[in-house]
Amino acid sequence: MLDKLNEIEKSALESLKSITDSATLEGWRVANLGRSSPLMNVFAEFGKLSKEERPVVGQAANRVKVALESAFESQSQAVKNAVLAKSLEEEKLDVTLPGRTKPIGRLHPSTQQLRRVLDILAEMGFQVYTSREVETDEYNFQLLNFPPDHPARDMQDTFFIQADGRADNPILMRTHTSPGQIHAMRQYAKMNPSDPPPIRIALPGMCFRYEQITARSEIQFNQVEGLAVGKNITFADLKGTIADFVRRMFGEGARLRFRASYFPFTEPSAEVDVECFVCGGKGCQVCKNSGWLEILGCGMVHPVVLQNGGYDPKIYSGYAWGMGPERQLMLRNKINDIRYFWGNDVRFLEQF
Ligand code: DAH
């Protein structure tokens, strides 16, 4: 019996040594340690042994069992390690390689410029006031001192949304941010109609015009309107504010000039030019050889407009301006085609 046990042990250990995968290993376990393995048969035949043989064979059988189990454990571990080593070898990973960067989204260049403008104006004490993109003829034109057949309407080709049954006051897409002036003044005036509070606001937003789309004109663009209303506001305040804004936006040394102009809602009116960034004032293609680039329209709020907003023009005065963030970006970055802005070509957008 003891010889038989030695034989069982020797051949089991011998066959275990060469096993390299876990399926075969499991087969070995069933064959050598399972219920009908030769070793278990020895245990099963225990009853047939004499009283003297039992402890001797029992001890030997247990020793063989423990030996096979521990050999099985260590071979399992060896197989596991080998599998791991193999997969590490096969899936070799160079952790020192630079990672692949994922493209990250960003704000649209117009939004970036809009925010730059509003940041500067906030530092100068202008609070943002947003108003609607869909307007009535009354707010977009009439209350801003454009009577129905006024020729200045020609400068602002309009998308009319609904004219049926509203001949006197069609609904339209705003052509400029100026109607926000009336909304704001009326809202502020309501707070204290007999002595309305002063106003200092910036009105940003999209404007729409029924234009042929070309390199120089688009059917939509942003504007940032400025409005200050109060007692004793003069043209000098307007000039100082615009000059301060231009220096903050375009640099300390930026030169600017005011040129007389006309808008129905301001009197007097002016346009502001800055010295051409491209040629430094010498004259080039971008400034059409004038040395100057127009950046905004402005003026003193017309008495009729103040009145329409609920501010008595005998007591109050104010200034206003309208500027275009896309235009500023075009001038700054020598972008020669306005269609890039809404063309959504990432090759353009990712440059900002
Ligand atoms: N609303 C004018 C436009 O879109 C721009 C403008 C000019 C606004 C003068 C103003 C201003 O407030 O005072 O063409």
# chains A, B, ... in the order shown; residues from 1 in each chain; ligands from 1
>>> residues_near_ligand(ligand="ligand 1", cutoff="7 Å", atoms="only C-alpha atoms and all ligand atoms", output="short mmCIF file (atom, residue, chain, number, x, y, z; two decimals) with C-alpha atoms, in the first residue's frame")
data_model
loop_
_atom_site.label_atom_id
_atom_site.label_comp_id
_atom_site.auth_asym_id
_atom_site.auth_seq_id
_atom_site.Cartn_x
_atom_site.Cartn_y
_atom_site.Cartn_z
CA THR A 175 -31.64 95.90 -37.28
CA HIS A 176 -29.59 97.42 -34.45
CA THR A 177 -29.39 97.32 -30.64
CA SER A 178 -30.70 100.90 -30.35
CA GLU A 225 -24.79 99.77 -27.69
CA GLY A 226 -23.80 102.15 -24.92
CA PHE A 263 -28.19 109.38 -37.13
CA PHE A 265 -31.66 109.25 -32.83
CA THR A 266 -28.64 111.41 -31.92
CA SER A 269 -23.85 112.68 -34.21
CA LEU A 296 -18.43 103.09 -34.13
CA GLY A 297 -21.25 105.61 -34.44
CA CYS A 298 -22.27 107.82 -31.53
CA GLY A 299 -23.85 111.07 -30.46
CA MET A 300 -25.93 112.92 -27.89
CA VAL A 301 -29.31 111.23 -27.41
CA TYR A 319 -24.98 110.05 -24.97
CA ALA A 320 -25.09 106.77 -26.88
CA TRP A 321 -22.96 104.74 -29.24
CA GLY A 322 -23.19 101.59 -31.32
CA MET A 323 -20.17 99.41 -32.10
#
>>> residues_around(residues="A:Lys314", least_positions_apart="3", cutoff="10 Å", atoms="only C-alpha atoms", output="list in words")
Lys231, Pro303, Leu306, Gln307, Tyr311 and Ser317 of chain A
>>> closest_residue(among="A:Asn289, A:Gln75, A:Asn308, A:Ser11", to="A:Gln181", atoms="only C-alpha atoms")
A:Asn308
>>> residues_around(residues="stretch 210-213 of chain A", least_positions_apart="4", cutoff="7 Å", atoms="only C-alpha atoms", output="list in words")
Asp157, Thr158, Phe159, Ser217, Glu218 and Ile219 of chain A
>>> closest_residue(among="A:Thr241, A:Gln112, A:Thr96, A:Gln187", to="A:Met124", atoms="only C-alpha atoms")
A:Thr241
>>> select_by_dssp(residues="stretch 70-250 of chain A", states="helix (DSSP H, G or I)", output="count of residues only")
77
